[in-house]
Amino acid sequence: MRDDLVLCDVAEQVAVVTMNRPQALNALSDGLLAALTGTLSSLGAREEVKAVVIRGAGKAFCAGHDLKEMQAGRVAPDKGAAYFADLFTRCGALMQLIPTLPQPVIAQVHGIATAAGCQLVASCDMAVAAEDTRFGVNGVNIGLFCSTPMVALTRNLPRKQAFEMLTTGEFITASRARDLGLINRIAPPEDLEAATLTLARTVAAKLGAAVRIGKRAFYDQISLPLDQAYAHTGAVMVENMLLRDTDEGITAFIEKRKPDWA
């Protein structure tokens, strides 16, 4: 492994982004937050990238915020108030960036995903986990309620189950996380990378323009009332239908041949 905080490799239209602080269980330090935000932002502008995988180096996916770095912020005259506000704003911006990227983003999770690490999983569009992975929002165990991770968590899990995790600090298994909707798939640890790439490549093989339009519409319609959601997505369907490659895709299906997508 190199010393870079984030590694990025692109192959077969899939970008694999690796958080590279294995000695700290990939805790989201100021540097890692900045590097991850910058890397994902740059990938969003690359049309040849059709899917993004986020994973962690070493023994764990991500152990949340860097508590030692956070405690060091308390030396300021305001006891860290300005630093903490800025930190949570920057972390929130990263989590909000992910659904705005044109490509589907898949978390490849192993070891543990705790606190802001669990928030990162919940913020991704999809997630694949090793079967021995544990998930938790366990800040309450040290006196810090995971209020910002709660935002992403409550948009993935049933309300009562999310509240139980937040107030007990207890971990859940990968199987339980799948049942609750936090992740999509489970794989044996030795097959995790292959299972994640299979999902990513399946998505990457679709018409990129259609997936970009669909992802944007997916998040836009969620918060709308039912009638507005249908009005909005109807307009999106028109936009999609007018694409040259959608015309070609439908024609090819009717003619029982492979589409000649530009």
# chains A, B, ... in the order shown; residues from 1 in each chain; ligands from 1
call {"tool": "residues_around", "arguments": {"residues": "A:Ala115", "least_positions_apart": "5", "cutoff": "8 Å", "atoms": "only C-alpha atoms", "output": "list in words"}}
result
Ala63, Gly64, His65, Gly136, Val137, Asn138, Gly139, Cys146 and Pro149 of chain A
call {"tool": "residues_around", "arguments": {"residues": "stretch 38-54 of chain A", "least_positions_apart": "6", "cutoff": "6 Å", "atoms": "only C-alpha atoms", "output": "list in words"}}
result
Gln13, Val14, Ala15, Val16, Val17, Thr18, Leu101, Gln103, Pro104, Val105, Ile106, Ala107, Gln108, Ala200 and Ala204 of chain A
call {"tool": "write_last_selection", "arguments": {"atoms": "N, CA, C and O atoms", "output": "PDB file, in the first residue's frame"}}
result
ATOM      1  N   GLN A  13     -14.728   0.277 -16.730  1.00  0.00           N
ATOM      2  CA  GLN A  13     -15.739   1.310 -16.463  1.00  0.00           C
ATOM      3  C   GLN A  13     -16.143   1.397 -14.992  1.00  0.00           C
ATOM      4  O   GLN A  13     -17.096   2.089 -14.653  1.00  0.00           O
ATOM      5  N   VAL A  14     -15.414   0.719 -14.109  1.00  0.00           N
ATOM      6  CA  VAL A  14     -15.691   0.749 -12.673  1.00  0.00           C
ATOM      7  C   VAL A  14     -14.514   1.378 -11.943  1.00  0.00           C
ATOM      8  O   VAL A  14     -13.365   0.954 -12.126  1.00  0.00           O
ATOM      9  N   ALA A  15     -14.775   2.389 -11.129  1.00  0.00           N
ATOM     10  CA  ALA A  15     -13.746   3.004 -10.290  1.00  0.00           C
ATOM     11  C   ALA A  15     -13.804   2.383  -8.903  1.00  0.00           C
ATOM     12  O   ALA A  15     -14.869   2.348  -8.279  1.00  0.00           O
ATOM     13  N   VAL A  16     -12.672   1.883  -8.442  1.00  0.00           N
ATOM     14  CA  VAL A  16     -12.578   1.328  -7.094  1.00  0.00           C
ATOM     15  C   VAL A  16     -11.804   2.327  -6.243  1.00  0.00           C
ATOM     16  O   VAL A  16     -10.621   2.585  -6.474  1.00  0.00           O
ATOM     17  N   VAL A  17     -12.491   2.903  -5.261  1.00  0.00           N
ATOM     18  CA  VAL A  17     -11.927   3.930  -4.382  1.00  0.00           C
ATOM     19  C   VAL A  17     -11.642   3.280  -3.030  1.00  0.00           C
ATOM     20  O   VAL A  17     -12.555   2.762  -2.384  1.00  0.00           O
ATOM     21  N   THR A  18     -10.393   3.308  -2.602  1.00  0.00           N
ATOM     22  CA  THR A  18      -9.994   2.648  -1.364  1.00  0.00           C
ATOM     23  C   THR A  18      -9.577   3.672  -0.322  1.00  0.00           C
ATOM     24  O   THR A  18      -8.631   4.445  -0.536  1.00  0.00           O
ATOM     25  N   LEU A 101     -23.848  12.136  -7.279  1.00  0.00           N
ATOM     26  CA  LEU A 101     -22.962  11.677  -8.347  1.00  0.00           C
ATOM     27  C   LEU A 101     -23.778  10.993  -9.435  1.00  0.00           C
ATOM     28  O   LEU A 101     -24.749  10.294  -9.137  1.00  0.00           O
ATOM     29  N   GLN A 103     -22.962   8.454 -11.200  1.00  0.00           N
ATOM     30  CA  GLN A 103     -22.768   7.002 -11.184  1.00  0.00           C
ATOM     31  C   GLN A 103     -23.335   6.385  -9.901  1.00  0.00           C
ATOM     32  O   GLN A 103     -23.255   6.983  -8.826  1.00  0.00           O
ATOM     33  N   PRO A 104     -23.884   5.168  -9.989  1.00  0.00           N
ATOM     34  CA  PRO A 104     -24.218   4.428  -8.777  1.00  0.00           C
ATOM     35  C   PRO A 104     -22.950   4.171  -7.951  1.00  0.00           C
ATOM     36  O   PRO A 104     -21.890   3.848  -8.510  1.00  0.00           O
ATOM     37  N   VAL A 105     -23.062   4.337  -6.650  1.00  0.00           N
ATOM     38  CA  VAL A 105     -21.936   4.152  -5.736  1.00  0.00           C
ATOM     39  C   VAL A 105     -22.236   2.969  -4.822  1.00  0.00           C
ATOM     40  O   VAL A 105     -23.286   2.933  -4.170  1.00  0.00           O
ATOM     41  N   ILE A 106     -21.326   2.009  -4.786  1.00  0.00           N
ATOM     42  CA  ILE A 106     -21.520   0.769  -4.034  1.00  0.00           C
ATOM     43  C   ILE A 106     -20.477   0.678  -2.933  1.00  0.00           C
ATOM     44  O   ILE A 106     -19.276   0.779  -3.189  1.00  0.00           O
ATOM     45  N   ALA A 107     -20.908   0.470  -1.700  1.00  0.00           N
ATOM     46  CA  ALA A 107     -19.987   0.247  -0.589  1.00  0.00           C
ATOM     47  C   ALA A 107     -19.611  -1.229  -0.545  1.00  0.00           C
ATOM     48  O   ALA A 107     -20.485  -2.098  -0.603  1.00  0.00           O
ATOM     49  N   GLN A 108     -18.322  -1.499  -0.474  1.00  0.00           N
ATOM     50  CA  GLN A 108     -17.815  -2.862  -0.290  1.00  0.00           C
ATOM     51  C   GLN A 108     -17.331  -2.954   1.154  1.00  0.00           C
ATOM     52  O   GLN A 108     -16.282  -2.429   1.504  1.00  0.00           O
ATOM     53  N   ALA A 200     -21.170  -4.136  -9.602  1.00  0.00           N
ATOM     54  CA  ALA A 200     -20.750  -2.880 -10.231  1.00  0.00           C
ATOM     55  C   ALA A 200     -20.693  -3.016 -11.755  1.00  0.00           C
ATOM     56  O   ALA A 200     -21.137  -2.118 -12.488  1.00  0.00           O
ATOM     57  N   ALA A 204     -22.619  -1.100 -14.675  1.00  0.00           N
ATOM     58  CA  ALA A 204     -21.814  -0.371 -15.660  1.00  0.00           C
ATOM     59  C   ALA A 204     -22.127  -0.780 -17.090  1.00  0.00           C
ATOM     60  O   ALA A 204     -21.895  -0.016 -18.027  1.00  0.00           O
TER      61      ALA A 204
END
call {"tool": "residues_around", "arguments": {"residues": "A:Leu87", "least_positions_apart": "5", "cutoff": "10 Å", "atoms": "only C-alpha atoms", "output": "MDAnalysis selection string"}}
result
chainID A and resid 29:30 33 65 70 81:82 92:93
call {"tool": "select_by_dssp", "arguments": {"residues": "stretch 2-64 of chain A", "states": "strand (DSSP E)", "output": "ChimeraX atom specification"}}
result
/A:6-11,14-19,51-56
call {"tool": "write_last_selection", "arguments": {"atoms": "N, CA, C and O atoms", "output": "mmCIF file, in the first residue's frame"}}
result
data_model
loop_
_atom_site.group_PDB
_atom_site.id
_atom_site.type_symbol
_atom_site.label_atom_id
_atom_site.label_comp_id
_atom_site.auth_asym_id
_atom_site.auth_seq_id
_atom_site.Cartn_x
_atom_site.Cartn_y
_atom_site.Cartn_z
ATOM 1 N N VAL A 6 -6.302 8.090 -0.089
ATOM 2 C CA VAL A 6 -7.306 7.454 -0.941
ATOM 3 C C VAL A 6 -6.623 6.945 -2.203
ATOM 4 O O VAL A 6 -5.879 7.683 -2.856
ATOM 5 N N LEU A 7 -6.870 5.701 -2.528
ATOM 6 C CA LEU A 7 -6.369 5.110 -3.763
ATOM 7 C C LEU A 7 -7.536 4.962 -4.726
ATOM 8 O O LEU A 7 -8.655 4.657 -4.304
ATOM 9 N N CYS A 8 -7.291 5.166 -5.999
ATOM 10 C CA CYS A 8 -8.365 5.055 -6.989
ATOM 11 C C CYS A 8 -7.851 4.342 -8.224
ATOM 12 O O CYS A 8 -6.857 4.764 -8.825
ATOM 13 N N ASP A 9 -8.522 3.271 -8.581
ATOM 14 C CA ASP A 9 -8.181 2.514 -9.779
ATOM 15 C C ASP A 9 -9.440 2.344 -10.624
ATOM 16 O O ASP A 9 -10.513 2.033 -10.091
ATOM 17 N N VAL A 10 -9.287 2.548 -11.931
ATOM 18 C CA VAL A 10 -10.416 2.424 -12.852
ATOM 19 C C VAL A 10 -10.123 1.305 -13.842
ATOM 20 O O VAL A 10 -9.075 1.290 -14.489
ATOM 21 N N ALA A 11 -11.050 0.357 -13.940
ATOM 22 C CA ALA A 11 -10.934 -0.735 -14.907
ATOM 23 C C ALA A 11 -12.332 -1.189 -15.293
ATOM 24 O O ALA A 11 -13.226 -1.282 -14.449
ATOM 25 N N VAL A 14 -15.414 0.719 -14.109
ATOM 26 C CA VAL A 14 -15.691 0.749 -12.673
ATOM 27 C C VAL A 14 -14.514 1.378 -11.943
ATOM 28 O O VAL A 14 -13.365 0.954 -12.126
ATOM 29 N N ALA A 15 -14.775 2.389 -11.129
ATOM 30 C CA ALA A 15 -13.746 3.004 -10.290
ATOM 31 C C ALA A 15 -13.804 2.383 -8.903
ATOM 32 O O ALA A 15 -14.869 2.348 -8.279
ATOM 33 N N VAL A 16 -12.672 1.883 -8.442
ATOM 34 C CA VAL A 16 -12.578 1.328 -7.094
ATOM 35 C C VAL A 16 -11.804 2.327 -6.243
ATOM 36 O O VAL A 16 -10.621 2.585 -6.474
ATOM 37 N N VAL A 17 -12.491 2.903 -5.261
ATOM 38 C CA VAL A 17 -11.927 3.930 -4.382
ATOM 39 C C VAL A 17 -11.642 3.280 -3.030
ATOM 40 O O VAL A 17 -12.555 2.762 -2.384
ATOM 41 N N THR A 18 -10.393 3.308 -2.602
ATOM 42 C CA THR A 18 -9.994 2.648 -1.364
ATOM 43 C C THR A 18 -9.577 3.672 -0.322
ATOM 44 O O THR A 18 -8.631 4.445 -0.536
ATOM 45 N N MET A 19 -10.270 3.693 0.804
ATOM 46 C CA MET A 19 -9.839 4.492 1.950
ATOM 47 C C MET A 19 -8.604 3.816 2.535
ATOM 48 O O MET A 19 -8.640 2.643 2.887
ATOM 49 N N ALA A 51 -19.670 3.169 -12.746
ATOM 50 C CA ALA A 51 -20.011 2.756 -11.384
ATOM 51 C C ALA A 51 -18.800 2.993 -10.494
ATOM 52 O O ALA A 51 -17.656 2.969 -10.960
ATOM 53 N N VAL A 52 -19.068 3.223 -9.213
ATOM 54 C CA VAL A 52 -18.010 3.506 -8.244
ATOM 55 C C VAL A 52 -18.161 2.562 -7.058
ATOM 56 O O VAL A 52 -19.266 2.366 -6.552
ATOM 57 N N VAL A 53 -17.049 1.978 -6.630
ATOM 58 C CA VAL A 53 -17.008 1.134 -5.434
ATOM 59 C C VAL A 53 -16.165 1.842 -4.382
ATOM 60 O O VAL A 53 -15.063 2.316 -4.686
ATOM 61 N N ILE A 54 -16.667 1.932 -3.156
ATOM 62 C CA ILE A 54 -15.899 2.476 -2.036
ATOM 63 C C ILE A 54 -15.599 1.340 -1.068
ATOM 64 O O ILE A 54 -16.510 0.626 -0.647
ATOM 65 N N ARG A 55 -14.324 1.188 -0.718
ATOM 66 C CA ARG A 55 -13.933 0.129 0.198
ATOM 67 C C ARG A 55 -12.858 0.655 1.155
ATOM 68 O O ARG A 55 -12.356 1.767 0.999
ATOM 69 N N GLY A 56 -12.507 -0.162 2.138
ATOM 70 C CA GLY A 56 -11.482 0.224 3.092
ATOM 71 C C GLY A 56 -10.313 -0.732 3.062
ATOM 72 O O GLY A 56 -10.490 -1.945 2.904
#
call {"tool": "closest_residue", "arguments": {"among": "A:Gly31, A:Pro102, A:Gly58, A:Gly73", "to": "A:Gly208", "atoms": "only C-alpha atoms"}}
result
A:Pro102
call {"tool": "atom_distance", "arguments": {"atom1": "atom CA of A:Gly181", "atom2": "atom CA of A:Asp66"}}
result
26.8 Å
call {"tool": "atom_distance", "arguments": {"atom1": "atom CA of A:Met95", "atom2": "atom CA of A:Ser123"}}
result
5.7 Å
call {"tool": "select_by_dssp", "arguments": {"residues": "stretch 1-236 of chain A", "states": "helix (DSSP H, G or I)", "output": "VMD selection string"}}
result
chain A and resid 22 to 24 30 to 44 67 to 75 81 to 100 116 to 123 138 to 142 147 to 153 159 to 168 174 to 180 189 to 204 208 to 222 226 to 236
call {"tool": "write_last_selection", "arguments": {"atoms": "C-alpha atoms", "output": "compact mmCIF listing (two decimals), in the first residue's frame"}}
result
# COMPACT_ATOMS: atom_id res chain seq x y z
CA PRO A 22 -5.59 0.82 7.71
CA GLN A 23 -3.64 1.61 10.88
CA ALA A 24 -6.60 3.71 12.08
CA ASP A 30 -9.80 15.64 8.21
CA GLY A 31 -7.36 14.49 5.54
CA LEU A 32 -9.33 11.39 4.59
CA LEU A 33 -12.58 13.36 4.40
CA ALA A 34 -10.96 15.87 2.05
CA ALA A 35 -9.31 13.19 -0.09
CA LEU A 36 -12.46 11.12 -0.37
CA THR A 37 -14.58 14.16 -1.24
CA GLY A 38 -12.09 15.28 -3.87
CA THR A 39 -11.76 11.84 -5.43
CA LEU A 40 -15.50 11.27 -5.68
CA SER A 41 -16.07 14.76 -7.08
CA SER A 42 -13.52 14.17 -9.81
CA LEU A 43 -14.99 10.78 -10.68
CA GLY A 44 -18.41 12.36 -11.08
CA LEU A 67 -11.67 10.52 17.89
CA LYS A 68 -8.07 11.50 18.68
CA GLU A 69 -8.21 14.23 16.08
CA MET A 70 -11.57 15.38 17.41
CA GLN A 71 -10.27 15.56 20.99
CA ALA A 72 -7.30 17.63 19.82
CA GLY A 73 -9.78 20.23 18.59
CA ARG A 74 -10.80 20.97 22.18
CA VAL A 75 -7.62 23.01 22.81
CA ALA A 81 -17.07 24.36 18.95
CA ALA A 82 -16.05 25.91 15.61
CA TYR A 83 -13.92 22.91 14.65
CA PHE A 84 -16.67 20.43 15.48
CA ALA A 85 -19.25 22.44 13.52
CA ASP A 86 -16.94 22.55 10.51
CA LEU A 87 -16.10 18.85 10.80
CA PHE A 88 -19.72 17.73 10.81
CA THR A 89 -20.52 20.12 7.97
CA ARG A 90 -17.70 18.67 5.87
CA CYS A 91 -18.71 15.11 6.69
CA GLY A 92 -22.34 15.88 5.87
CA ALA A 93 -21.27 17.38 2.55
CA LEU A 94 -19.47 14.14 1.65
CA MET A 95 -22.53 12.05 2.50
CA GLN A 96 -24.75 14.35 0.44
CA LEU A 97 -22.31 14.29 -2.48
CA ILE A 98 -22.70 10.54 -3.00
CA PRO A 99 -26.36 10.52 -4.10
CA THR A 100 -25.70 13.47 -6.42
CA ALA A 116 -19.75 7.72 10.51
CA GLY A 117 -18.55 4.54 8.80
CA CYS A 118 -22.04 3.12 9.06
CA GLN A 119 -23.30 6.50 7.86
CA LEU A 120 -21.09 6.14 4.78
CA VAL A 121 -22.57 2.72 4.01
CA ALA A 122 -26.08 4.11 4.40
CA SER A 123 -25.25 7.05 2.13
CA ASN A 138 -22.19 3.16 18.79
CA GLY A 139 -21.30 6.71 19.73
CA VAL A 140 -23.80 6.59 22.58
CA ASN A 141 -21.46 4.12 24.31
CA ILE A 142 -18.93 6.92 24.82
CA SER A 147 -27.01 12.40 15.37
CA THR A 148 -25.47 13.00 11.94
CA PRO A 149 -25.16 9.27 11.11
CA MET A 150 -28.81 9.08 12.15
CA VAL A 151 -29.82 11.09 9.07
CA ALA A 152 -28.60 8.45 6.63
CA LEU A 153 -29.55 5.55 8.88
CA ARG A 159 -37.72 3.87 12.36
CA LYS A 160 -37.85 1.70 15.48
CA GLN A 161 -34.90 -0.43 14.42
CA ALA A 162 -32.78 2.65 13.71
CA PHE A 163 -33.70 4.14 17.07
CA GLU A 164 -32.76 0.93 18.86
CA MET A 165 -29.32 0.91 17.22
CA LEU A 166 -28.78 4.59 18.07
CA THR A 167 -29.80 4.31 21.72
CA THR A 168 -28.26 0.95 22.60
CA ALA A 174 -24.49 -8.46 8.04
CA SER A 175 -27.48 -10.76 7.80
CA ARG A 176 -29.53 -8.45 10.02
CA ALA A 177 -28.32 -5.41 8.07
CA ARG A 178 -29.54 -7.01 4.85
CA ASP A 179 -32.90 -7.87 6.39
CA LEU A 180 -33.32 -4.26 7.53
CA PRO A 189 -15.08 -12.73 2.98
CA GLU A 190 -12.95 -14.36 0.31
CA ASP A 191 -15.60 -13.60 -2.34
CA LEU A 192 -16.46 -10.05 -1.27
CA GLU A 193 -14.43 -8.24 -3.91
CA ALA A 194 -15.69 -10.48 -6.71
CA ALA A 195 -19.32 -10.13 -5.57
CA THR A 196 -19.04 -6.35 -5.38
CA LEU A 197 -17.40 -6.06 -8.79
CA THR A 198 -20.03 -8.33 -10.31
CA LEU A 199 -22.74 -5.94 -9.12
CA ALA A 200 -20.75 -2.88 -10.23
CA ARG A 201 -20.06 -4.32 -13.68
CA THR A 202 -23.69 -5.31 -14.12
CA VAL A 203 -24.68 -1.70 -13.53
CA ALA A 204 -21.81 -0.37 -15.66
CA GLY A 208 -24.92 5.19 -18.87
CA ALA A 209 -27.18 8.08 -19.83
CA ALA A 210 -30.27 6.18 -18.70
CA VAL A 211 -28.70 5.25 -15.35
CA ARG A 212 -27.62 8.86 -14.76
CA ILE A 213 -31.12 10.13 -15.50
CA GLY A 214 -32.65 7.40 -13.36
CA LYS A 215 -30.41 7.93 -10.35
CA ARG A 216 -31.14 11.64 -10.29
CA ALA A 217 -34.87 10.98 -10.56
CA PHE A 218 -34.70 8.27 -7.88
CA TYR A 219 -33.54 10.73 -5.24
CA ASP A 220 -35.60 13.66 -6.53
CA GLN A 221 -38.91 11.78 -6.27
CA ILE A 222 -38.42 10.21 -2.84
CA LEU A 226 -47.28 10.91 -4.64
CA ASP A 227 -48.91 13.04 -7.34
CA GLN A 228 -45.83 15.25 -7.71
CA ALA A 229 -43.57 12.19 -7.81
CA TYR A 230 -45.53 10.78 -10.75
CA ALA A 231 -45.56 14.13 -12.54
CA HIS A 232 -41.81 14.49 -12.08
CA THR A 233 -40.90 10.95 -13.12
CA GLY A 234 -43.26 11.13 -16.10
CA ALA A 235 -41.26 14.09 -17.36
CA VAL A 236 -38.06 12.17 -16.71
